[in-house]
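target07.cif, holding mmCIF, C-alpha atoms (C1' of nucleotides):
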```cif
data_start
loop_
_atom_site.label_atom_id
_atom_site.label_comp_id
_atom_site.auth_asym_id
_atom_site.auth_seq_id
_atom_site.Cartn_x
_atom_site.Cartn_y
_atom_site.Cartn_z
CA MET A 1 177.06 131.33 135.67
CA LYS A 2 175.33 130.56 138.91
CA LEU A 3 176.83 128.97 141.98
CA SER A 4 174.75 126.38 143.80
CA ASN A 5 172.91 127.67 146.81
CA GLY A 6 174.19 124.79 148.91
CA VAL A 7 177.68 126.30 148.87
CA GLU A 8 176.58 129.09 151.16
CA TRP A 9 174.85 126.64 153.49
CA ALA A 10 177.84 124.34 153.57
CA LEU A 11 180.21 127.17 154.47
CA HIS A 12 178.03 128.49 157.27
CA CYS A 13 177.46 124.98 158.58
CA CYS A 14 181.19 124.31 158.58
CA VAL A 15 181.84 127.48 160.52
CA SER A 16 179.21 126.55 163.09
CA LEU A 17 180.33 122.96 163.22
CA GLY A 18 183.86 124.06 164.02
CA GLN A 19 182.55 125.40 167.32
CA SER A 20 181.43 121.99 168.60
CA HIS A 21 183.64 119.05 169.39
CA ALA A 22 180.70 116.66 169.65
CA PRO A 23 178.95 115.50 166.48
CA VAL A 24 175.96 117.62 165.42
CA PRO A 25 173.02 116.11 163.48
CA ALA A 26 172.08 117.59 160.14
CA ALA A 27 168.59 118.45 161.36
CA ARG A 28 170.05 120.54 164.16
CA LEU A 29 172.32 122.47 161.81
CA ALA A 30 169.34 123.06 159.57
CA LYS A 31 167.27 124.46 162.42
CA LEU A 32 170.14 126.70 163.49
CA HIS A 33 170.27 128.30 160.05
CA GLY A 34 166.59 128.09 159.15
CA ILE A 35 167.05 125.99 156.02
CA PRO A 36 165.37 122.80 154.69
CA PRO A 37 166.78 119.85 156.68
CA ALA A 38 166.50 117.21 153.97
CA TYR A 39 168.25 119.27 151.35
CA LEU A 40 171.01 120.29 153.71
CA ALA A 41 171.59 116.62 154.48
CA LYS A 42 172.28 116.03 150.82
CA HIS A 43 175.02 118.63 150.80
CA LEU A 44 176.55 117.50 154.08
CA GLN A 45 176.71 114.08 152.49
CA SER A 46 178.91 115.56 149.77
CA LEU A 47 181.19 117.09 152.38
CA SER A 48 181.47 113.72 154.06
CA GLN A 49 182.36 111.99 150.80
CA ALA A 50 185.02 114.62 150.17
CA GLY A 51 186.68 113.77 153.48
CA ILE A 52 186.04 117.17 155.03
CA LEU A 53 183.46 115.99 157.56
CA ARG A 54 183.07 112.70 159.36
CA SER A 55 179.64 111.18 159.86
CA THR A 56 178.78 109.05 162.86
CA PRO A 57 175.44 107.22 162.91
CA GLY A 58 173.38 106.42 165.93
CA PRO A 59 171.43 108.35 168.55
CA VAL A 60 174.30 110.64 169.58
CA GLY A 61 175.75 110.74 166.08
CA GLY A 62 175.93 113.53 163.54
CA TYR A 63 178.60 115.36 161.58
CA SER A 64 181.97 116.44 162.90
CA PHE A 65 185.17 117.71 161.30
CA ALA A 66 187.51 115.07 159.92
CA GLN A 67 190.33 117.61 159.85
CA SER A 68 191.09 120.74 161.81
CA PRO A 69 189.08 123.77 160.62
CA THR A 70 192.40 125.56 160.33
CA GLN A 71 193.41 123.18 157.55
CA VAL A 72 190.15 123.19 155.56
CA SER A 73 190.05 125.97 152.99
CA VAL A 74 186.95 127.56 151.54
CA LEU A 75 188.01 126.14 148.20
CA ASP A 76 187.80 122.60 149.58
CA VAL A 77 184.20 123.14 150.62
CA VAL A 78 183.22 124.82 147.37
CA LEU A 79 184.74 122.04 145.28
CA ALA A 80 183.09 119.37 147.41
CA ILE A 81 179.64 120.88 146.85
CA ASP A 82 179.95 122.24 143.35
CA GLY A 83 182.22 119.65 141.78
CA PRO A 84 185.90 119.87 140.90
CA GLU A 85 185.56 120.66 137.20
CA PRO A 86 186.23 124.28 136.22
CA ALA A 87 183.39 126.57 135.18
CA PHE A 88 184.66 126.98 131.63
CA ARG A 89 184.89 123.91 129.44
CA CYS A 90 186.65 124.25 126.11
CA THR A 91 184.78 122.40 123.37
CA GLU A 92 187.66 122.81 120.92
CA ILE A 93 185.69 124.67 118.32
CA ARG A 94 188.99 125.58 116.66
CA ARG A 95 188.95 122.07 115.23
CA GLN A 96 185.56 122.58 113.59
CA GLY A 97 184.47 124.49 110.53
CA PRO A 98 186.19 124.99 107.18
CA LEU A 99 189.35 126.30 108.87
CA GLY A 100 189.42 123.55 111.51
CA LEU A 101 192.89 122.75 112.77
CA GLY A 102 194.29 119.24 112.76
CA PRO A 103 195.07 117.40 116.00
CA GLU A 104 198.79 118.07 115.59
CA LYS A 105 198.09 121.81 115.88
CA CYS A 106 196.11 121.39 119.14
CA ARG A 107 198.78 120.14 121.48
CA LYS A 108 198.28 122.91 124.00
CA PRO A 109 194.99 124.63 124.92
CA CYS A 110 193.85 127.50 122.75
CA ALA A 111 194.32 131.11 123.82
CA VAL A 112 190.70 131.48 124.87
CA SER A 113 190.89 128.43 127.06
CA ARG A 114 194.15 129.61 128.57
CA ALA A 115 192.71 132.99 129.49
CA MET A 116 189.68 131.41 131.12
CA ALA A 117 191.83 128.86 132.94
CA ALA A 118 194.06 131.61 134.31
CA ALA A 119 191.03 133.44 135.68
CA ASP A 120 189.76 130.22 137.21
CA ALA A 121 193.14 129.66 138.83
CA ALA A 122 193.04 133.15 140.33
CA TRP A 123 189.57 132.44 141.69
CA ARG A 124 190.67 129.19 143.28
CA ALA A 125 193.80 130.74 144.72
CA ALA A 126 191.71 133.40 146.45
CA LEU A 127 189.42 130.76 147.94
CA LYS A 128 192.30 128.55 148.94
CA GLY A 129 193.85 131.35 150.99
CA VAL A 130 190.90 131.47 153.40
CA THR A 131 190.17 128.70 155.89
CA ILE A 132 187.06 127.86 157.86
CA ALA A 133 188.85 129.01 161.00
CA ASP A 134 189.54 132.36 159.33
CA LEU A 135 185.84 132.78 158.59
CA ALA A 136 184.93 132.04 162.20
CA ARG A 137 187.47 134.60 163.40
CA ASP A 138 186.14 137.22 160.98
CA ILE A 139 182.55 136.62 162.03
CA ASP A 140 183.57 136.99 165.65
CA ALA A 141 185.34 140.24 164.82
CA ASP A 142 182.20 141.55 163.13
CA SER A 143 180.08 140.84 166.20
CA ALA A 144 182.60 142.01 168.83
CA GLY A 145 183.33 138.42 169.78
CA THR A 146 179.82 137.27 170.66
CA ALA A 147 178.59 135.34 167.63
CA MET A 148 180.67 132.18 167.89
CA GLY A 149 180.09 131.98 171.62
CA SER A 150 176.35 132.05 171.05
CA VAL A 151 176.65 129.27 168.49
CA ARG A 152 178.70 127.15 170.92
CA GLN A 153 176.13 127.69 173.62
CA TRP A 154 173.19 126.89 171.35
CA LEU A 155 174.81 123.73 170.00
CA ALA A 156 175.61 122.57 173.52
CA GLY A 157 172.05 123.24 174.71
CA THR A 158 168.86 121.47 173.76
CA GLY A 159 166.91 124.35 172.16
CA MET B 1 178.82 126.01 138.71
CA LYS B 2 178.71 125.87 134.97
CA LEU B 3 179.54 128.64 132.54
CA SER B 4 177.26 129.02 129.53
CA ASN B 5 178.57 127.44 126.37
CA GLY B 6 177.82 130.60 124.43
CA VAL B 7 180.69 132.35 126.19
CA GLU B 8 183.21 130.31 124.26
CA TRP B 9 181.42 130.93 121.00
CA ALA B 10 181.17 134.66 121.66
CA LEU B 11 184.88 134.95 122.42
CA HIS B 12 185.94 133.06 119.30
CA CYS B 13 183.50 135.02 117.18
CA CYS B 14 184.82 138.31 118.56
CA VAL B 15 188.37 137.28 117.75
CA SER B 16 187.38 136.37 114.20
CA LEU B 17 185.24 139.44 113.80
CA GLY B 18 188.15 141.64 114.77
CA GLN B 19 189.89 140.54 111.57
CA SER B 20 187.23 142.01 109.30
CA HIS B 21 186.38 145.66 108.87
CA ALA B 22 183.22 144.91 106.95
CA PRO B 23 180.14 143.59 108.83
CA VAL B 24 179.85 139.81 108.98
CA PRO B 25 176.45 138.07 109.18
CA ALA B 26 175.77 135.74 112.09
CA ALA B 27 175.19 132.81 109.75
CA ARG B 28 178.65 133.25 108.25
CA LEU B 29 180.31 133.31 111.68
CA ALA B 30 178.38 130.18 112.59
CA LYS B 31 179.58 128.37 109.48
CA LEU B 32 183.16 129.43 110.18
CA HIS B 33 183.06 127.82 113.63
CA GLY B 34 180.71 124.96 112.87
CA ILE B 35 178.07 125.91 115.43
CA PRO B 36 174.25 126.28 115.26
CA PRO B 37 173.49 129.57 113.48
CA ALA B 38 170.21 130.38 115.23
CA TYR B 39 171.62 129.93 118.70
CA LEU B 40 174.73 131.93 117.94
CA ALA B 41 172.49 134.76 116.72
CA LYS B 42 170.92 134.89 120.15
CA HIS B 43 174.29 135.43 121.82
CA LEU B 44 175.47 137.96 119.27
CA GLN B 45 172.30 139.80 120.04
CA SER B 46 173.42 140.01 123.67
CA LEU B 47 176.78 141.39 122.59
CA SER B 48 175.00 143.98 120.51
CA GLN B 49 172.80 145.02 123.42
CA ALA B 50 175.88 145.36 125.62
CA GLY B 51 177.39 147.84 123.17
CA ILE B 52 180.32 145.63 122.22
CA LEU B 53 179.16 144.90 118.69
CA ARG B 54 177.15 146.96 116.25
CA SER B 55 174.48 145.36 114.10
CA THR B 56 173.65 146.64 110.65
CA PRO B 57 170.61 145.21 108.86
CA GLY B 58 170.21 144.81 105.15
CA PRO B 59 171.75 142.70 102.41
CA VAL B 60 175.38 143.66 103.15
CA GLY B 61 174.76 143.97 106.88
CA GLY B 62 175.94 141.87 109.78
CA TYR B 63 177.87 142.39 112.99
CA SER B 64 180.91 144.57 113.43
CA PHE B 65 182.82 145.93 116.41
CA ALA B 66 181.41 149.03 118.04
CA GLN B 67 184.75 149.65 119.78
CA SER B 68 188.30 148.75 118.98
CA PRO B 69 189.16 145.11 119.84
CA THR B 70 192.07 146.51 121.83
CA GLN B 71 189.61 148.15 124.21
CA VAL B 72 187.22 145.23 124.67
CA SER B 73 188.26 142.91 127.49
CA VAL B 74 187.35 139.25 127.84
CA LEU B 75 185.43 140.24 130.95
CA ASP B 76 183.18 142.51 128.91
CA VAL B 77 182.22 139.64 126.63
CA VAL B 78 181.70 137.19 129.48
CA LEU B 79 179.48 139.60 131.38
CA ALA B 80 177.47 140.40 128.26
CA ILE B 81 176.70 136.73 127.67
CA ASP B 82 176.47 135.42 131.20
CA GLY B 83 174.99 138.41 132.97
CA PRO B 84 176.64 140.92 135.27
CA GLU B 85 175.59 139.42 138.60
CA PRO B 86 178.31 137.52 140.51
CA ALA B 87 178.22 133.75 140.77
CA PHE B 88 177.75 133.73 144.53
CA ARG B 89 174.60 135.31 145.90
CA CYS B 90 174.38 135.78 149.66
CA THR B 91 170.91 134.92 150.92
CA GLU B 92 171.65 136.37 154.36
CA ILE B 93 171.05 133.20 156.28
CA ARG B 94 172.72 134.82 159.29
CA ARG B 95 169.43 136.65 159.78
CA GLN B 96 167.48 133.39 159.98
CA GLY B 97 167.13 130.75 162.67
CA PRO B 98 167.02 131.09 166.45
CA LEU B 99 170.28 133.08 166.50
CA GLY B 100 169.26 135.31 163.60
CA LEU B 101 170.88 138.75 163.72
CA GLY B 102 168.87 141.94 163.53
CA PRO B 103 169.17 144.32 160.58
CA GLU B 104 171.36 146.69 162.59
CA LYS B 105 174.00 143.94 162.83
CA CYS B 106 174.04 143.34 159.07
CA ARG B 107 175.35 146.64 157.82
CA LYS B 108 178.26 145.09 155.96
CA PRO B 109 178.34 141.71 154.15
CA CYS B 110 179.08 138.65 156.22
CA ALA B 111 182.51 137.03 156.23
CA VAL B 112 181.44 134.24 153.91
CA SER B 113 180.07 136.68 151.39
CA ARG B 114 183.22 138.81 151.62
CA ALA B 115 185.48 135.82 150.92
CA MET B 116 183.44 134.78 147.91
CA ALA B 117 183.27 138.36 146.64
CA ALA B 118 187.04 138.68 146.90
CA ALA B 119 187.51 135.54 144.83
CA ASP B 120 185.01 136.82 142.29
CA ALA B 121 186.92 140.11 142.10
CA ALA B 122 190.16 138.22 141.44
CA TRP B 123 188.43 136.25 138.68
CA ARG B 124 187.12 139.38 137.04
CA ALA B 125 190.46 141.16 137.34
CA ALA B 126 192.15 138.30 135.50
CA LEU B 127 189.58 138.46 132.71
CA LYS B 128 189.72 142.23 132.54
CA GLY B 129 193.47 142.14 131.90
CA VAL B 130 193.07 140.33 128.59
CA THR B 131 191.58 141.96 125.51
CA ILE B 132 190.19 140.49 122.32
CA ALA B 133 193.23 141.84 120.49
CA ASP B 134 195.48 139.98 122.95
CA LEU B 135 193.67 136.74 122.17
CA ALA B 136 194.09 137.24 118.45
CA ARG B 137 197.80 137.90 118.93
CA ASP B 138 198.20 134.77 121.09
CA ILE B 139 196.38 132.60 118.57
CA ASP B 140 198.62 133.93 115.84
CA ALA B 141 201.66 133.15 117.94
CA ASP B 142 200.43 129.58 118.46
CA SER B 143 200.08 129.03 114.73
CA ALA B 144 203.28 130.82 113.65
CA GLY B 145 201.26 133.76 112.38
CA THR B 146 199.00 131.95 109.92
CA ALA B 147 195.66 131.53 111.71
CA MET B 148 194.38 135.10 111.69
CA GLY B 149 195.45 135.56 108.09
CA SER B 150 193.43 132.54 107.07
CA VAL B 151 190.41 133.91 108.91
CA ARG B 152 190.78 137.28 107.18
CA GLN B 153 191.00 135.57 103.82
CA TRP B 154 188.03 133.31 104.48
CA LEU B 155 185.85 136.17 105.70
CA ALA B 156 186.77 138.25 102.64
CA GLY B 157 186.00 135.37 100.27
CA THR B 158 182.66 133.81 99.49
CA GLY B 159 183.24 130.27 100.71
"C1'" DG C 1 170.49 159.15 79.91
"C1'" DG C 2 169.16 160.39 84.73
"C1'" DG C 3 166.26 160.07 88.68
"C1'" DA C 4 162.87 158.20 91.57
"C1'" DA C 5 159.64 154.75 92.99
"C1'" DT C 6 159.24 149.96 93.64
"C1'" DA C 7 160.10 145.14 94.32
"C1'" DT C 8 163.35 142.15 96.39
"C1'" DA C 9 166.45 139.77 99.09
"C1'" DC C 10 168.96 139.80 102.99
"C1'" DT C 11 169.77 141.10 107.78
"C1'" DC C 12 168.63 141.28 112.76
"C1'" DG C 13 165.15 140.86 116.72
"C1'" DG C 14 162.15 138.78 119.83
"C1'" DA C 15 158.83 135.06 120.84
"C1'" DT C 16 158.40 130.01 121.10
"C1'" DA C 17 159.48 124.54 122.43
"C1'" DC C 18 162.85 121.04 124.50
"C1'" DA C 19 166.55 119.19 127.80
"C1'" DC C 20 169.37 119.04 131.61
"C1'" DA C 21 171.11 120.31 136.10
"C1'" DG C 22 169.76 122.25 140.49
"C1'" DT C 23 166.10 122.06 144.18
"C1'" DG C 24 163.46 119.74 147.36
"C1'" DT C 25 161.76 115.59 149.53
"C1'" DC C 26 161.18 110.96 151.00
"C1'" DC C 27 161.93 106.30 153.01
"C1'" DG C 28 165.24 102.38 154.04
"C1'" DA C 29 169.96 100.51 156.14
"C1'" DG C 30 172.91 100.80 160.02
"C1'" DT C 31 174.45 101.88 164.71
"C1'" DT C 32 174.13 103.09 169.49
"C1'" DG C 33 171.82 103.67 173.96
"C1'" DT C 34 168.28 101.67 176.76
"C1'" DT C 35 165.67 98.23 178.91
"C1'" DC C 36 164.32 93.88 180.40
"C1'" DC C 37 165.16 89.20 181.76
"C1'" DG C 38 167.87 85.50 183.59
"C1'" DG C 39 171.62 83.88 186.48
"C1'" DC D 1 173.37 92.64 192.11
"C1'" DC D 2 175.50 91.76 187.49
"C1'" DG D 3 175.75 90.28 182.57
"C1'" DG D 4 173.76 89.60 178.20
"C1'" DA D 5 170.40 89.90 174.71
"C1'" DA D 6 166.46 92.04 172.61
"C1'" DC D 7 164.31 96.40 171.64
"C1'" DA D 8 163.75 100.95 170.18
"C1'" DA D 9 165.10 105.40 168.74
"C1'" DC D 10 167.98 108.12 166.26
"C1'" DT D 11 171.44 108.85 162.66
"C1'" DC D 12 173.11 108.90 157.85
"C1'" DG D 13 172.73 107.24 152.87
"C1'" DG D 14 170.91 106.88 148.47
"C1'" DA D 15 166.72 106.81 145.43
"C1'" DC D 16 162.51 109.50 143.77
"C1'" DA D 17 159.59 114.02 141.91
"C1'" DC D 18 159.54 119.14 140.66
"C1'" DT D 19 161.34 123.62 139.04
"C1'" DG D 20 164.32 127.01 136.80
"C1'" DT D 21 167.97 128.07 133.65
"C1'" DG D 22 170.30 127.00 129.58
"C1'" DT D 23 169.87 125.08 124.78
"C1'" DA D 24 168.03 125.12 120.34
"C1'" DT D 25 164.86 126.82 116.89
"C1'" DC D 26 161.62 129.45 114.23
"C1'" DC D 27 159.20 133.24 111.87
"C1'" DG D 28 158.19 138.31 111.54
"C1'" DA D 29 159.95 143.48 111.31
"C1'" DG D 30 163.13 146.49 109.12
"C1'" DT D 31 166.57 148.21 105.74
"C1'" DA D 32 169.97 148.75 101.89
"C1'" DT D 33 170.32 147.15 97.23
"C1'" DA D 34 169.08 146.26 92.49
"C1'" DT D 35 165.67 146.71 89.16
"C1'" DT D 36 162.45 149.02 86.49
"C1'" DC D 37 159.74 152.59 84.87
"C1'" DC D 38 158.99 157.36 83.76
"C1'" DC D 39 160.56 161.92 82.41
#
```

Take the structure from the file and write it as structure tokens.
Amino acid sequence: MKLSNGVEWALHCCVSLGQSHAPVPAARLAKLHGIPPAYLAKHLQSLSQAGILRSTPGPVGGYSFAQSPTQVSVLDVVLAIDGPEPAFRCTEIRRQGPLGLGPEKCRKPCAVSRAMAAADAAWRAALKGVTIADLARDIDADSAGTAMGSVRQWLAGTG
Amino acid sequence: MKLSNGVEWALHCCVSLGQSHAPVPAARLAKLHGIPPAYLAKHLQSLSQAGILRSTPGPVGGYSFAQSPTQVSVLDVVLAIDGPEPAFRCTEIRRQGPLGLGPEKCRKPCAVSRAMAAADAAWRAALKGVTIADLARDIDADSAGTAMGSVRQWLAGTG
DNA sequence: GGGAATATACTCGGATACACAGTGTCCGAGTTGTTCCGG
DNA sequence: CCGGAACAACTCGGACACTGTGTATCCGAGTATATTCCC
């Protein structure tokens, strides 16, 4: 199992984007984080389609939050980038082979699928409990309250 | 994020294998579940290398449990097939870009990485709480106590 | 008849091709700010 | 001096190649069994 690399970029970009009220172009976010601009644009596009970000074209356009960062959970961002389907997909192998069960015996998911689904639910619950605003607050706490201010200043400037 | 398909096969095979005291060849397990024999052998090999199963060569050889199914958790099997590394890998993008932090500021993982690691820990905890024996018991409960008996009978026979 | 060497058949183990999703990039459609011209 | 239209620059959006991991398969190395031969 391997999580797409764009998830990390999307989360960091959301945290940074929450510091600016004005729209920020994708190229500028890419330069801020030192990542490929074109590829980041692809992922920001996914966030826009998911309704997390709002895109505004034109010279002073860019991406901005469609909702308050306090209401966007990490799970929302992860699902927007990685897709909503769970990691484990049951192929119903209990219905195959010489001892395959009939459809009437497969009303509810098998025990294996249930165990995996429960773990997936725990994973999602943990991600749902953290918001983008929480991440920004934690990062500020790590840096004694200087990191987010620097980001605000850099985004406002023309560097 | 997509979990390898072999994880499902390995779990079902472990449940079935727990019903037989004698070693069972990979080809026989494959026929029982209706899956490609050669590919299943590759995954059983991983389980053997992880110390979960024990392989015995020769005419009456095959795979058998190295430990009691009551002591093997679902997490053990998943990690053996999918690899021990977590799904999210922090690439430390906070150290890149114009506002990149120096190494002295990166003693502990960043907030994003911490949130993802916490979710991963919750996922693993959920999988660690279920054993192969638990799965077998649940499957028996689903089928009114007939499924595991049929598997035992089929594995003992020559079908 | 008993024992040992041998041939055999069956098992796992790693090395080898193919396919799909993730990675990375590009150029075109659309919108806004600017500029120029006319009134 | 003011209003409107044309222009240009900048933005996102989807379509196009490349790479790495997962999928699927095969044949060779090794071992316990059954046979066979010899004592």

Taking a cut-off of 7 Å and counting all atoms listed in the file, can you build a table that, for each residue of chain B near chain C, reports the nearest atom pair and how far apart they are in Å (one decimal), sorted by chain then residue number, as a Markdown table?
```
| residue | atom | partner | partner_atom | distance |
| --- | --- | --- | --- | --- |
| B:Pro57 | CA | C:DT11 | C1' | 4.3 |
| B:Gly58 | CA | C:DT11 | C1' | 4.6 |
| B:Pro59 | CA | C:DC10 | C1' | 4.1 |
| B:Gly61 | CA | C:DT11 | C1' | 5.8 |
| B:Gly62 | CA | C:DT11 | C1' | 6.5 |
```

Report task. Find the spatial neighbours of A:Asp76, counting all atoms listed in the file, within a cut-off of 9 Å - ignore same-chain residues fewer than 4 positions away - and output them as a list in words. Result ->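 Here the qualifying residues turn out to be Ala50, Ile52, Val72, Ala80, Ile81, Leu127 and Lys128 of chain A.
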
Give me, as a Markdown table, the closest atom pair and its distance (Å, one decimal) for every residue of chain A within a cut-off of 12 Å of chain D, counting all atoms listed in the file, rows sorted by chain and rising number.
```
| residue | atom | partner | partner_atom | distance |
| --- | --- | --- | --- | --- |
| A:Met1 | CA | D:DT21 | C1' | 9.9 |
| A:Lys2 | CA | D:DT21 | C1' | 9.4 |
| A:Pro23 | CA | D:DT11 | C1' | 10.7 |
| A:Val24 | CA | D:DT11 | C1' | 10.2 |
| A:Pro25 | CA | D:DT11 | C1' | 7.5 |
| A:Ala26 | CA | D:DC12 | C1' | 9.0 |
| A:Ala27 | CA | D:DT11 | C1' | 10.1 |
| A:Arg28 | CA | D:DT11 | C1' | 11.9 |
| A:Ala38 | CA | D:DC12 | C1' | 11.3 |
| A:Ala41 | CA | D:DC12 | C1' | 8.6 |
| A:Lys42 | CA | D:DG13 | C1' | 9.0 |
| A:His43 | CA | D:DG13 | C1' | 11.8 |
| A:Leu44 | CA | D:DC12 | C1' | 10.0 |
| A:Gln45 | CA | D:DG13 | C1' | 7.9 |
| A:Ser46 | CA | D:DG13 | C1' | 10.8 |
| A:Ser48 | CA | D:DC12 | C1' | 10.4 |
| A:Gln49 | CA | D:DG13 | C1' | 10.9 |
| A:Arg54 | CA | D:DC12 | C1' | 10.8 |
| A:Ser55 | CA | D:DC12 | C1' | 7.2 |
| A:Thr56 | CA | D:DT11 | C1' | 7.3 |
| A:Pro57 | CA | D:DT11 | C1' | 4.3 |
| A:Gly58 | CA | D:DT11 | C1' | 4.5 |
| A:Pro59 | CA | D:DC10 | C1' | 4.1 |
| A:Val60 | CA | D:DC10 | C1' | 7.6 |
| A:Gly61 | CA | D:DT11 | C1' | 5.8 |
| A:Gly62 | CA | D:DT11 | C1' | 6.5 |
| A:Tyr63 | CA | D:DC12 | C1' | 9.3 |
```

I need the residues from that last selection saved to file as a PDB file, in the coordinates of the input (with C-alpha atoms), if you can.
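Final file, out_6.pdb:
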```
ATOM      1  CA  MET A   1     177.060 131.330 135.670  1.00  0.00           C
ATOM      2  CA  LYS A   2     175.330 130.560 138.910  1.00  0.00           C
ATOM      3  CA  PRO A  23     178.950 115.500 166.480  1.00  0.00           C
ATOM      4  CA  VAL A  24     175.960 117.620 165.420  1.00  0.00           C
ATOM      5  CA  PRO A  25     173.020 116.110 163.480  1.00  0.00           C
ATOM      6  CA  ALA A  26     172.080 117.590 160.140  1.00  0.00           C
ATOM      7  CA  ALA A  27     168.590 118.450 161.360  1.00  0.00           C
ATOM      8  CA  ARG A  28     170.050 120.540 164.160  1.00  0.00           C
ATOM      9  CA  ALA A  38     166.500 117.210 153.970  1.00  0.00           C
ATOM     10  CA  ALA A  41     171.590 116.620 154.480  1.00  0.00           C
ATOM     11  CA  LYS A  42     172.280 116.030 150.820  1.00  0.00           C
ATOM     12  CA  HIS A  43     175.020 118.630 150.800  1.00  0.00           C
ATOM     13  CA  LEU A  44     176.550 117.500 154.080  1.00  0.00           C
ATOM     14  CA  GLN A  45     176.710 114.080 152.490  1.00  0.00           C
ATOM     15  CA  SER A  46     178.910 115.560 149.770  1.00  0.00           C
ATOM     16  CA  SER A  48     181.470 113.720 154.060  1.00  0.00           C
ATOM     17  CA  GLN A  49     182.360 111.990 150.800  1.00  0.00           C
ATOM     18  CA  ARG A  54     183.070 112.700 159.360  1.00  0.00           C
ATOM     19  CA  SER A  55     179.640 111.180 159.860  1.00  0.00           C
ATOM     20  CA  THR A  56     178.780 109.050 162.860  1.00  0.00           C
ATOM     21  CA  PRO A  57     175.440 107.220 162.910  1.00  0.00           C
ATOM     22  CA  GLY A  58     173.380 106.420 165.930  1.00  0.00           C
ATOM     23  CA  PRO A  59     171.430 108.350 168.550  1.00  0.00           C
ATOM     24  CA  VAL A  60     174.300 110.640 169.580  1.00  0.00           C
ATOM     25  CA  GLY A  61     175.750 110.740 166.080  1.00  0.00           C
ATOM     26  CA  GLY A  62     175.930 113.530 163.540  1.00  0.00           C
ATOM     27  CA  TYR A  63     178.600 115.360 161.580  1.00  0.00           C
TER      28      TYR A  63
END
```

Report task. Run the PyMOL selection byres ((chain B) within 8 of (chain A)) on the file and write out the hits as a PyMOL selection string. Result -> chain B and resi 1-5+8+11-12+31-34+82-83+86-90+93-94+96-100+105+110-112+115-116+118-120+122-127+130+135+138-139+143+150-151

**Report entry** Between atom CA of A:Cys14 and atom C1' of D:DG20 - distance in Å to one decimal
**Finding:**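 Taking atom C1' of D:DG20 and atom CA of A:Cys14, their separation equals 27.7 Å.
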
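Atom CA of A:Cys13 is found 10.9 Å from atom CA of A:Phe65.
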
Query - Near-C:DA17 list (10 Å; all atoms listed in the file; drop same-chain fewer than 4 positions) as an MDAnalysis selection string - result: chainID D and resid 24:26

Please write out, as JSON, where the centre of an axis-aligned box around all listed atoms of stretch 95-106 of chain B lies and how long its edges are, in Å to one decimal, after adding 6 Å on each side.
```
{"center_x": 170.5, "center_y": 138.7, "center_z": 162.8, "size_x": 19.0, "size_y": 27.9, "size_z": 19.4}
```

Report task. Work out how far atom C1' of D:DA34 is from atom C1' of C:DA7, in Å to one decimal. Result -> 9.2 Å

Requested in this report: List the residues matched by the PyMOL selection byres ((chain D and resi 17) around 12) in the displayed structure as a PyMOL selection string, ordered by chain and then by residue number.
Outcome: (chain C and resi 23-26) or (chain D and resi 15-16+18-19)
